[in-house]
Amino acid sequence: MGSTNGYDALLVVSFGGPEKPEDVMPFLENVVRGRGVPRERLLEVEAHYQGFGGVSPINQQCRDLIAALDVDLPVYWGNRNWHPFLQDTLQRMKDDGVRKAAAFVTAAYSSYSSCRQYLDDIAQARAAVPGAPEIVKLRHYYDHPGFIAAMADHTREALDRLPADVREQARLVFTAHSIPVSMNRTAGPAGGAYEAQLRRAAELVTTQVDEGRAWDLVWQSRSGPPQVPWLEPDVCDHLEALHAEGVRSAVLVPIGFVSDHMEVAYDLDVEAAATAEKLGMALTRASTAGTHPRFVSMVAELLAEPEPVPCAATCCPAPVRPAHRPGR
Ligand SMILES: CC1=C(CCC(=O)O)c2cc3nc(cc4[nH]c(cc5[nH]c(cc1n2)c(C)c5CCC(=O)O)c(CCC(=O)O)c4C)C(CCC(=O)O)=C3C
Ligand SMILES: [Fe+2]
């Protein structure tokens with residue numbers, strides 16, 4: 001074993017998702033523990049998962065990505081919220097004699113939810129496994145040419161699926177998971193990095209697809225208590241607003257995600273598609289990076305880069321949660 005930088009394994013770190021109906025509630029409870037997500041929201045999301053047979057697509061998408069990788073290192077996989085859990089994977093890595101691994105996280109942007117929380121989860125899992133390998137998180141890749149090329153290809157394909165008579169005027173509507181406004185304010189070393197990085201990625205993709213075409217960045221999958229402000233507008237409200245302005249066609253580009261997991265399959269392909277249908281708008285949805293060959297080769301390129309400088313401890317801090325109110 002061994003490679004540039006002394007990595008002796010690659011660890012793919014992901015969100016995790018249920019794979020049978022009985023997994024759904026325990027998975028959701030892992031995701032929202034201590035986060036103040038209202039019970040009604042949780043039950044709503046449970047219904048989305050049960051509507052798909054209790055199976056999130058995300059785990060299979062991780063397996064597919066891992067199968068597609070062409071790297072000279074053993075590849076391991078550990079999740080934040082469901083099996084295979086990070087802690088179990090780190091134990092296995094330790095037992096296999098791994099000393100230092102690079103971590104590829106399936107989230108491209110800076111924010112507590114998309115970066116720091118994964119770092120914290122890795123640290124927690126390592127603390128529970130004495131002698132666990134050192135883990136070096138690979139850098140953010142939202143503007144990496146491999147990620148951008150994959151998204152540009154998929155955006156072109158989605159444009160081509162629109163009826164020819166509305167293709168020319170179609171708006172590119174980039175979407176990402178909404179986060180609390182306060183979480184965006186503290187994202188990255190100088191704040192605002194989540195939104196700024198998404199805007200940069202959307203701009204790079206648009207330039208490759210069709211420089212000068214109109215595009216927007218909007219948000220999806222809002223969670224959390226209703227009194228907490230999250231990034232807006234929501235994608236469905238935005239489709240309504242575009243329609244009111246006379247826009248009759250759009251391509252949804254889920255630039256905020258790296259695979260077509262549940263937020264994409266439900267919030268875009270079911271909810272946003274129904275909104276477009278009701279409005280009489282032509283709408284297609286670009287695939288996420290998934291196993292696009294340029295995205296897959298990007299992972300090997302990141303592994304070969306000099307070891308990244310770790311994020312400062314003050315970067316993307318954990319949000320201050322409302323105090324727990326007994327009886328709720
Ligand atoms: C920024 C971001 C990403 C992108 C970066 C990344 O990819 O990591 C992301 C991805 C994902 N989010 C996912 C699922 C969920 N997220 C939830 C809740 C939340 N997400 C948040 C943020 C993000 N989430 C936040 C601030 C919350 C509120 C609770 C909290 O403060 O933590 C909930 C609770 C129920 C609800 O939606 O209310 C679920 C079930 C899945 C798996 C999908 C599948 O199963 O296929 C994936 C990939
Ligand atoms: Fe989420």
# chains A, B, ... in the order shown; residues from 1 in each chain; ligands from 1
>>> closest_atom_pairs(of="chain A", to="ligand 2", cutoff="9 Å", atoms="only C-alpha atoms and all ligand atoms", output="tab-separated table")
residue	atom	partner	partner_atom_place_in_ligand_line	distance
A:Phe15	CA	ligand 2	1 (Fe)	8.5
A:Val31	CA	ligand 2	1 (Fe)	8.1
A:Ser113	CA	ligand 2	1 (Fe)	7.8
A:Ser114	CA	ligand 2	1 (Fe)	8.8
A:His177	CA	ligand 2	1 (Fe)	6.7
A:Ser178	CA	ligand 2	1 (Fe)	8.5
A:Ile179	CA	ligand 2	1 (Fe)	8.6
A:Ser221	CA	ligand 2	1 (Fe)	7.4
A:Arg222	CA	ligand 2	1 (Fe)	8.4
A:Ser223	CA	ligand 2	1 (Fe)	7.9
A:Glu263	CA	ligand 2	1 (Fe)	7.8
>>> residues_around(residues="Arg185 of chain A", least_positions_apart="4", cutoff="12 Å", atoms="only C-alpha atoms", output="VMD selection string")
chain A and resid 110 to 112 179 to 181 189 to 196 229 to 231 315 to 319
>>> atom_distance(atom1="atom CA of Met25 of chain A", atom2="atom CA of Trp219 of chain A")
24.9 Å
>>> closest_residue(among="A:Arg161, A:Arg116, A:Arg126, A:His292", to="ligand 1", atoms="only C-alpha atoms and all ligand atoms")
A:Arg116
>>> select_by_dssp(residues="segment 152-280 of chain A", states="strand (DSSP E or B)", output="PDB file with N, CA and C atoms, in the first residue's frame")
ATOM      1  N   ARG A 171     -34.944  28.978 -19.111  1.00  0.00           N
ATOM      2  CA  ARG A 171     -34.139  29.480 -18.008  1.00  0.00           C
ATOM      3  C   ARG A 171     -33.407  28.311 -17.345  1.00  0.00           C
ATOM      4  N   LEU A 172     -32.154  28.506 -16.960  1.00  0.00           N
ATOM      5  CA  LEU A 172     -31.452  27.518 -16.145  1.00  0.00           C
ATOM      6  C   LEU A 172     -31.721  27.860 -14.677  1.00  0.00           C
ATOM      7  N   VAL A 173     -32.363  26.943 -13.976  1.00  0.00           N
ATOM      8  CA  VAL A 173     -32.689  27.173 -12.569  1.00  0.00           C
ATOM      9  C   VAL A 173     -31.842  26.216 -11.718  1.00  0.00           C
ATOM     10  N   PHE A 174     -30.762  26.747 -11.181  1.00  0.00           N
ATOM     11  CA  PHE A 174     -29.874  25.952 -10.317  1.00  0.00           C
ATOM     12  C   PHE A 174     -30.506  25.848  -8.941  1.00  0.00           C
ATOM     13  N   THR A 175     -30.422  24.646  -8.343  1.00  0.00           N
ATOM     14  CA  THR A 175     -30.992  24.475  -7.002  1.00  0.00           C
ATOM     15  C   THR A 175     -29.963  23.861  -6.056  1.00  0.00           C
ATOM     16  N   ALA A 176     -30.140  24.202  -4.778  1.00  0.00           N
ATOM     17  CA  ALA A 176     -29.316  23.607  -3.723  1.00  0.00           C
ATOM     18  C   ALA A 176     -30.188  23.482  -2.489  1.00  0.00           C
ATOM     19  N   HIS A 177     -29.746  22.634  -1.562  1.00  0.00           N
ATOM     20  CA  HIS A 177     -30.455  22.472  -0.295  1.00  0.00           C
ATOM     21  C   HIS A 177     -30.442  23.809   0.430  1.00  0.00           C
ATOM     22  N   PRO A 180     -30.317  27.361   7.043  1.00  0.00           N
ATOM     23  CA  PRO A 180     -30.685  28.585   7.751  1.00  0.00           C
ATOM     24  C   PRO A 180     -29.803  29.756   7.292  1.00  0.00           C
ATOM     25  N   TRP A 215     -29.842  32.630 -15.924  1.00  0.00           N
ATOM     26  CA  TRP A 215     -29.894  31.577 -14.901  1.00  0.00           C
ATOM     27  C   TRP A 215     -30.221  32.188 -13.547  1.00  0.00           C
ATOM     28  N   ASP A 216     -30.713  31.340 -12.654  1.00  0.00           N
ATOM     29  CA  ASP A 216     -30.994  31.741 -11.279  1.00  0.00           C
ATOM     30  C   ASP A 216     -30.484  30.659 -10.343  1.00  0.00           C
ATOM     31  N   LEU A 217     -30.249  31.062  -9.105  1.00  0.00           N
ATOM     32  CA  LEU A 217     -29.935  30.093  -8.051  1.00  0.00           C
ATOM     33  C   LEU A 217     -31.045  30.171  -7.013  1.00  0.00           C
ATOM     34  N   VAL A 218     -31.720  29.043  -6.763  1.00  0.00           N
ATOM     35  CA  VAL A 218     -32.803  29.015  -5.779  1.00  0.00           C
ATOM     36  C   VAL A 218     -32.628  27.796  -4.869  1.00  0.00           C
ATOM     37  N   TRP A 219     -33.554  27.619  -3.945  1.00  0.00           N
ATOM     38  CA  TRP A 219     -33.341  26.684  -2.836  1.00  0.00           C
ATOM     39  C   TRP A 219     -34.447  25.654  -2.770  1.00  0.00           C
ATOM     40  N   GLN A 220     -34.150  24.541  -2.161  1.00  0.00           N
ATOM     41  CA  GLN A 220     -35.135  23.462  -2.040  1.00  0.00           C
ATOM     42  C   GLN A 220     -34.994  22.780  -0.689  1.00  0.00           C
ATOM     43  N   TRP A 230     -34.668  30.634   6.569  1.00  0.00           N
ATOM     44  CA  TRP A 230     -33.794  29.835   5.708  1.00  0.00           C
ATOM     45  C   TRP A 230     -33.631  30.563   4.380  1.00  0.00           C
ATOM     46  N   ASP A 234     -37.812  29.440  -2.490  1.00  0.00           N
ATOM     47  CA  ASP A 234     -37.973  28.021  -2.738  1.00  0.00           C
ATOM     48  C   ASP A 234     -38.176  27.796  -4.245  1.00  0.00           C
ATOM     49  N   SER A 249     -40.396  27.938 -19.986  1.00  0.00           N
ATOM     50  CA  SER A 249     -39.615  26.693 -19.948  1.00  0.00           C
ATOM     51  C   SER A 249     -38.380  26.887 -19.090  1.00  0.00           C
ATOM     52  N   ALA A 250     -37.980  25.791 -18.453  1.00  0.00           N
ATOM     53  CA  ALA A 250     -36.818  25.865 -17.564  1.00  0.00           C
ATOM     54  C   ALA A 250     -36.176  24.492 -17.443  1.00  0.00           C
ATOM     55  N   VAL A 251     -34.882  24.529 -17.103  1.00  0.00           N
ATOM     56  CA  VAL A 251     -34.155  23.311 -16.765  1.00  0.00           C
ATOM     57  C   VAL A 251     -33.721  23.443 -15.309  1.00  0.00           C
ATOM     58  N   LEU A 252     -34.103  22.463 -14.493  1.00  0.00           N
ATOM     59  CA  LEU A 252     -33.637  22.447 -13.104  1.00  0.00           C
ATOM     60  C   LEU A 252     -32.269  21.792 -13.072  1.00  0.00           C
ATOM     61  N   VAL A 253     -31.322  22.446 -12.427  1.00  0.00           N
ATOM     62  CA  VAL A 253     -29.964  21.910 -12.320  1.00  0.00           C
ATOM     63  C   VAL A 253     -29.599  21.810 -10.834  1.00  0.00           C
TER      64      VAL A 253
END
>>> residues_around(residues="segment 92-104 of chain A", least_positions_apart="6", cutoff="8 Å", atoms="only C-alpha atoms", output="ChimeraX atom specification")
/A:6-13,76,131-138,299,303
>>> residues_around(residues="Gly280 of chain A", least_positions_apart="3", cutoff="10 Å", atoms="only C-alpha atoms", output="list in words")
His243, Arg248, Ser249, Ala274, Thr275, Ala276, Glu277 and Leu283 of chain A
>>> atom_distance(atom1="atom CA of Thr155 of chain A", atom2="atom CA of Tyr266 of chain A")
19.1 Å
>>> closest_residue(among="A:Ala152, A:Cys236, A:Ala158, A:Leu73", to="Thr207 of chain A", atoms="only C-alpha atoms")
A:Ala152
>>> atom_distance(atom1="atom CA of Asn184 of chain A", atom2="atom CA of Gly34 of chain A")
19.4 Å
>>> closest_residue(among="A:Pro26, A:Pro145, A:Pro130, A:Gly224", to="ligand 1", atoms="only C-alpha atoms and all ligand atoms")
A:Gly224
>>> residues_around(residues="Ala201 of chain A", least_positions_apart="4", cutoff="7 Å", atoms="only C-alpha atoms", output="PyMOL selection string")
chain A and resi 142-143+148+197+205
>>> residues_around(residues="Thr288 of chain A", least_positions_apart="4", cutoff="9 Å", atoms="only C-alpha atoms", output="MDAnalysis selection string")
chainID A and resid 150:151 154 253:260 264 292
>>> write_last_selection(atoms="N, CA and C atoms", output="PDB file, in the first residue's frame")
ATOM      1  N   ALA A 150     -19.044  17.697 -15.655  1.00  0.00           N
ATOM      2  CA  ALA A 150     -20.128  16.714 -15.506  1.00  0.00           C
ATOM      3  C   ALA A 150     -21.476  17.431 -15.470  1.00  0.00           C
ATOM      4  N   MET A 151     -21.562  18.487 -14.680  1.00  0.00           N
ATOM      5  CA  MET A 151     -22.831  19.213 -14.565  1.00  0.00           C
ATOM      6  C   MET A 151     -23.186  19.914 -15.880  1.00  0.00           C
ATOM      7  N   HIS A 154     -24.602  17.303 -18.269  1.00  0.00           N
ATOM      8  CA  HIS A 154     -25.951  16.902 -17.879  1.00  0.00           C
ATOM      9  C   HIS A 154     -26.958  18.030 -18.107  1.00  0.00           C
ATOM     10  N   VAL A 253     -31.322  22.446 -12.427  1.00  0.00           N
ATOM     11  CA  VAL A 253     -29.964  21.910 -12.320  1.00  0.00           C
ATOM     12  C   VAL A 253     -29.599  21.810 -10.834  1.00  0.00           C
ATOM     13  N   PRO A 254     -29.673  20.595 -10.261  1.00  0.00           N
ATOM     14  CA  PRO A 254     -29.407  20.437  -8.826  1.00  0.00           C
ATOM     15  C   PRO A 254     -27.906  20.484  -8.512  1.00  0.00           C
ATOM     16  N   ILE A 255     -27.347  21.660  -8.703  1.00  0.00           N
ATOM     17  CA  ILE A 255     -25.904  21.861  -8.564  1.00  0.00           C
ATOM     18  C   ILE A 255     -25.429  21.630  -7.127  1.00  0.00           C
ATOM     19  N   GLY A 256     -26.362  21.710  -6.169  1.00  0.00           N
ATOM     20  CA  GLY A 256     -25.999  21.583  -4.758  1.00  0.00           C
ATOM     21  C   GLY A 256     -25.765  20.158  -4.292  1.00  0.00           C
ATOM     22  N   PHE A 257     -26.034  19.172  -5.165  1.00  0.00           N
ATOM     23  CA  PHE A 257     -25.928  17.766  -4.756  1.00  0.00           C
ATOM     24  C   PHE A 257     -25.037  17.014  -5.737  1.00  0.00           C
ATOM     25  N   VAL A 258     -24.452  15.922  -5.284  1.00  0.00           N
ATOM     26  CA  VAL A 258     -23.590  15.157  -6.188  1.00  0.00           C
ATOM     27  C   VAL A 258     -24.235  13.869  -6.693  1.00  0.00           C
ATOM     28  N   SER A 259     -25.418  13.488  -6.151  1.00  0.00           N
ATOM     29  CA  SER A 259     -26.116  12.350  -6.755  1.00  0.00           C
ATOM     30  C   SER A 259     -27.619  12.583  -6.678  1.00  0.00           C
ATOM     31  N   ASP A 260     -28.369  11.796  -7.445  1.00  0.00           N
ATOM     32  CA  ASP A 260     -29.828  11.980  -7.534  1.00  0.00           C
ATOM     33  C   ASP A 260     -30.528  11.333  -6.348  1.00  0.00           C
ATOM     34  N   VAL A 264     -33.641  15.128  -4.556  1.00  0.00           N
ATOM     35  CA  VAL A 264     -33.762  15.359  -5.995  1.00  0.00           C
ATOM     36  C   VAL A 264     -34.969  14.578  -6.522  1.00  0.00           C
ATOM     37  N   HIS A 292     -20.662  10.327 -13.624  1.00  0.00           N
ATOM     38  CA  HIS A 292     -20.107  10.918 -14.859  1.00  0.00           C
ATOM     39  C   HIS A 292     -18.593  10.719 -14.854  1.00  0.00           C
TER      40      HIS A 292
END
>>> select_by_dssp(residues="segment 20-237 of chain A", states="helix (DSSP H, G or I)", output="ChimeraX atom specification")
/A:21-32,39-51,58-68,86-95,112-127,145-160,164-167,181-185,193-210,235-237
>>> residues_around(residues="Ile58 of chain A", least_positions_apart="3", cutoff="10 Å", atoms="only C-alpha atoms", output="list in words")
Ser14, Phe15, Gly16, Gly17, Pro18, Glu19, Val55, Gln61, Cys62, Arg63, Asp64, Val258, Ser259, Asp260, His261, Met262 and Glu263 of chain A
>>> write_last_selection(atoms="N, CA and C atoms", output="PDB file, in the first residue's frame")
ATOM      1  N   SER A  14     -20.347   9.744   3.303  1.00  0.00           N
ATOM      2  CA  SER A  14     -21.607  10.245   2.762  1.00  0.00           C
ATOM      3  C   SER A  14     -22.661  10.416   3.853  1.00  0.00           C
ATOM      4  N   PHE A  15     -23.839  10.799   3.405  1.00  0.00           N
ATOM      5  CA  PHE A  15     -24.944  11.123   4.315  1.00  0.00           C
ATOM      6  C   PHE A  15     -25.597   9.865   4.863  1.00  0.00           C
ATOM      7  N   GLY A  16     -25.763   8.860   3.980  1.00  0.00           N
ATOM      8  CA  GLY A  16     -26.466   7.639   4.375  1.00  0.00           C
ATOM      9  C   GLY A  16     -27.955   7.790   4.180  1.00  0.00           C
ATOM     10  N   GLY A  17     -28.630   6.658   3.984  1.00  0.00           N
ATOM     11  CA  GLY A  17     -30.074   6.678   3.805  1.00  0.00           C
ATOM     12  C   GLY A  17     -30.646   5.313   4.082  1.00  0.00           C
ATOM     13  N   PRO A  18     -31.964   5.254   4.373  1.00  0.00           N
ATOM     14  CA  PRO A  18     -32.603   3.977   4.691  1.00  0.00           C
ATOM     15  C   PRO A  18     -32.671   3.075   3.467  1.00  0.00           C
ATOM     16  N   GLU A  19     -32.706   1.757   3.714  1.00  0.00           N
ATOM     17  CA  GLU A  19     -32.807   0.807   2.603  1.00  0.00           C
ATOM     18  C   GLU A  19     -33.978  -0.154   2.754  1.00  0.00           C
ATOM     19  N   VAL A  55     -36.812   3.067   0.624  1.00  0.00           N
ATOM     20  CA  VAL A  55     -35.428   2.960   0.143  1.00  0.00           C
ATOM     21  C   VAL A  55     -34.969   4.311  -0.381  1.00  0.00           C
ATOM     22  N   GLN A  61     -26.145   4.818  -4.862  1.00  0.00           N
ATOM     23  CA  GLN A  61     -25.350   5.792  -5.630  1.00  0.00           C
ATOM     24  C   GLN A  61     -23.919   5.849  -5.112  1.00  0.00           C
ATOM     25  N   CYS A  62     -23.741   5.689  -3.807  1.00  0.00           N
ATOM     26  CA  CYS A  62     -22.380   5.626  -3.252  1.00  0.00           C
ATOM     27  C   CYS A  62     -21.674   4.357  -3.748  1.00  0.00           C
ATOM     28  N   ARG A  63     -22.401   3.233  -3.728  1.00  0.00           N
ATOM     29  CA  ARG A  63     -21.790   1.983  -4.214  1.00  0.00           C
ATOM     30  C   ARG A  63     -21.388   2.124  -5.688  1.00  0.00           C
ATOM     31  N   ASP A  64     -22.244   2.767  -6.470  1.00  0.00           N
ATOM     32  CA  ASP A  64     -21.946   2.927  -7.901  1.00  0.00           C
ATOM     33  C   ASP A  64     -20.712   3.813  -8.100  1.00  0.00           C
ATOM     34  N   VAL A 258     -24.452  15.922  -5.284  1.00  0.00           N
ATOM     35  CA  VAL A 258     -23.590  15.157  -6.188  1.00  0.00           C
ATOM     36  C   VAL A 258     -24.235  13.869  -6.693  1.00  0.00           C
ATOM     37  N   SER A 259     -25.418  13.488  -6.151  1.00  0.00           N
ATOM     38  CA  SER A 259     -26.116  12.350  -6.755  1.00  0.00           C
ATOM     39  C   SER A 259     -27.619  12.583  -6.678  1.00  0.00           C
ATOM     40  N   ASP A 260     -28.369  11.796  -7.445  1.00  0.00           N
ATOM     41  CA  ASP A 260     -29.828  11.980  -7.534  1.00  0.00           C
ATOM     42  C   ASP A 260     -30.528  11.333  -6.348  1.00  0.00           C
ATOM     43  N   HIS A 261     -30.226  11.829  -5.139  1.00  0.00           N
ATOM     44  CA  HIS A 261     -30.802  11.184  -3.964  1.00  0.00           C
ATOM     45  C   HIS A 261     -32.222  11.693  -3.706  1.00  0.00           C
ATOM     46  N   MET A 262     -32.750  11.414  -2.517  1.00  0.00           N
ATOM     47  CA  MET A 262     -34.175  11.634  -2.261  1.00  0.00           C
ATOM     48  C   MET A 262     -34.621  13.082  -2.457  1.00  0.00           C
ATOM     49  N   GLU A 263     -33.803  14.043  -2.054  1.00  0.00           N
ATOM     50  CA  GLU A 263     -34.189  15.452  -2.222  1.00  0.00           C
ATOM     51  C   GLU A 263     -34.403  15.788  -3.696  1.00  0.00           C
TER      52      GLU A 263
END
>>> closest_residue(among="A:Arg167, A:His83, A:Arg33, A:Lys20", to="Val247 of chain A", atoms="only C-alpha atoms")
A:Arg167
>>> decode(residues="segment 290-312 of chain A", atoms="N, CA and C atoms", output="mmCIF file, in the first residue's frame")
data_model
loop_
_atom_site.group_PDB
_atom_site.id
_atom_site.type_symbol
_atom_site.label_atom_id
_atom_site.label_comp_id
_atom_site.auth_asym_id
_atom_site.auth_seq_id
_atom_site.Cartn_x
_atom_site.Cartn_y
_atom_site.Cartn_z
ATOM 1 N N GLY A 290 -23.123 12.287 -10.137
ATOM 2 C CA GLY A 290 -23.283 10.824 -10.106
ATOM 3 C C GLY A 290 -22.009 10.063 -10.441
ATOM 4 N N THR A 291 -22.071 9.306 -11.541
ATOM 5 C CA THR A 291 -20.882 8.563 -11.983
ATOM 6 C C THR A 291 -20.402 9.072 -13.337
ATOM 7 N N HIS A 292 -20.662 10.327 -13.624
ATOM 8 C CA HIS A 292 -20.107 10.918 -14.859
ATOM 9 C C HIS A 292 -18.593 10.719 -14.854
ATOM 10 N N PRO A 293 -18.022 10.267 -15.980
ATOM 11 C CA PRO A 293 -16.584 9.953 -15.995
ATOM 12 C C PRO A 293 -15.672 11.096 -15.531
ATOM 13 N N ARG A 294 -16.040 12.336 -15.816
ATOM 14 C CA ARG A 294 -15.184 13.446 -15.379
ATOM 15 C C ARG A 294 -15.293 13.661 -13.869
ATOM 16 N N PHE A 295 -16.452 13.379 -13.315
ATOM 17 C CA PHE A 295 -16.595 13.490 -11.858
ATOM 18 C C PHE A 295 -15.804 12.367 -11.185
ATOM 19 N N VAL A 296 -15.893 11.174 -11.758
ATOM 20 C CA VAL A 296 -15.174 10.030 -11.207
ATOM 21 C C VAL A 296 -13.660 10.266 -11.277
ATOM 22 N N SER A 297 -13.184 10.784 -12.399
ATOM 23 C CA SER A 297 -11.732 10.997 -12.507
ATOM 24 C C SER A 297 -11.277 12.151 -11.611
ATOM 25 N N MET A 298 -12.182 13.064 -11.308
ATOM 26 C CA MET A 298 -11.853 14.149 -10.372
ATOM 27 C C MET A 298 -11.380 13.603 -9.025
ATOM 28 N N VAL A 299 -11.997 12.534 -8.574
ATOM 29 C CA VAL A 299 -11.639 11.990 -7.254
ATOM 30 C C VAL A 299 -10.171 11.557 -7.264
ATOM 31 N N ALA A 300 -9.756 10.894 -8.327
ATOM 32 C CA ALA A 300 -8.353 10.487 -8.430
ATOM 33 C C ALA A 300 -7.447 11.713 -8.506
ATOM 34 N N GLU A 301 -7.891 12.749 -9.200
ATOM 35 C CA GLU A 301 -7.090 13.978 -9.298
ATOM 36 C C GLU A 301 -6.945 14.639 -7.924
ATOM 37 N N LEU A 302 -8.004 14.658 -7.147
ATOM 38 C CA LEU A 302 -7.931 15.259 -5.805
ATOM 39 C C LEU A 302 -6.942 14.492 -4.920
ATOM 40 N N LEU A 303 -6.949 13.160 -5.082
ATOM 41 C CA LEU A 303 -6.034 12.320 -4.292
ATOM 42 C C LEU A 303 -4.575 12.625 -4.595
ATOM 43 N N ALA A 304 -4.308 13.023 -5.822
ATOM 44 C CA ALA A 304 -2.929 13.269 -6.249
ATOM 45 C C ALA A 304 -2.458 14.675 -5.897
ATOM 46 N N GLU A 305 -3.358 15.540 -5.475
ATOM 47 C CA GLU A 305 -2.969 16.912 -5.124
ATOM 48 C C GLU A 305 -2.169 16.900 -3.825
ATOM 49 N N PRO A 306 -1.375 17.962 -3.598
ATOM 50 C CA PRO A 306 -0.717 18.079 -2.295
ATOM 51 C C PRO A 306 -1.766 18.038 -1.188
ATOM 52 N N GLU A 307 -1.357 17.517 -0.043
ATOM 53 C CA GLU A 307 -2.303 17.393 1.075
ATOM 54 C C GLU A 307 -2.940 18.749 1.379
ATOM 55 N N PRO A 308 -4.285 18.793 1.434
ATOM 56 C CA PRO A 308 -4.943 20.087 1.635
ATOM 57 C C PRO A 308 -4.700 20.660 3.033
ATOM 58 N N VAL A 309 -4.700 21.979 3.106
ATOM 59 C CA VAL A 309 -4.613 22.657 4.407
ATOM 60 C C VAL A 309 -5.969 22.473 5.089
ATOM 61 N N PRO A 310 -6.003 21.983 6.330
ATOM 62 C CA PRO A 310 -7.310 21.775 6.967
ATOM 63 C C PRO A 310 -8.036 23.096 7.201
ATOM 64 N N CYS A 311 -9.368 23.034 7.217
ATOM 65 C CA CYS A 311 -10.184 24.215 7.529
ATOM 66 C C CYS A 311 -9.801 24.719 8.920
ATOM 67 N N ALA A 312 -9.831 26.035 9.085
ATOM 68 C CA ALA A 312 -9.609 26.600 10.422
ATOM 69 C C ALA A 312 -10.722 26.135 11.356
#
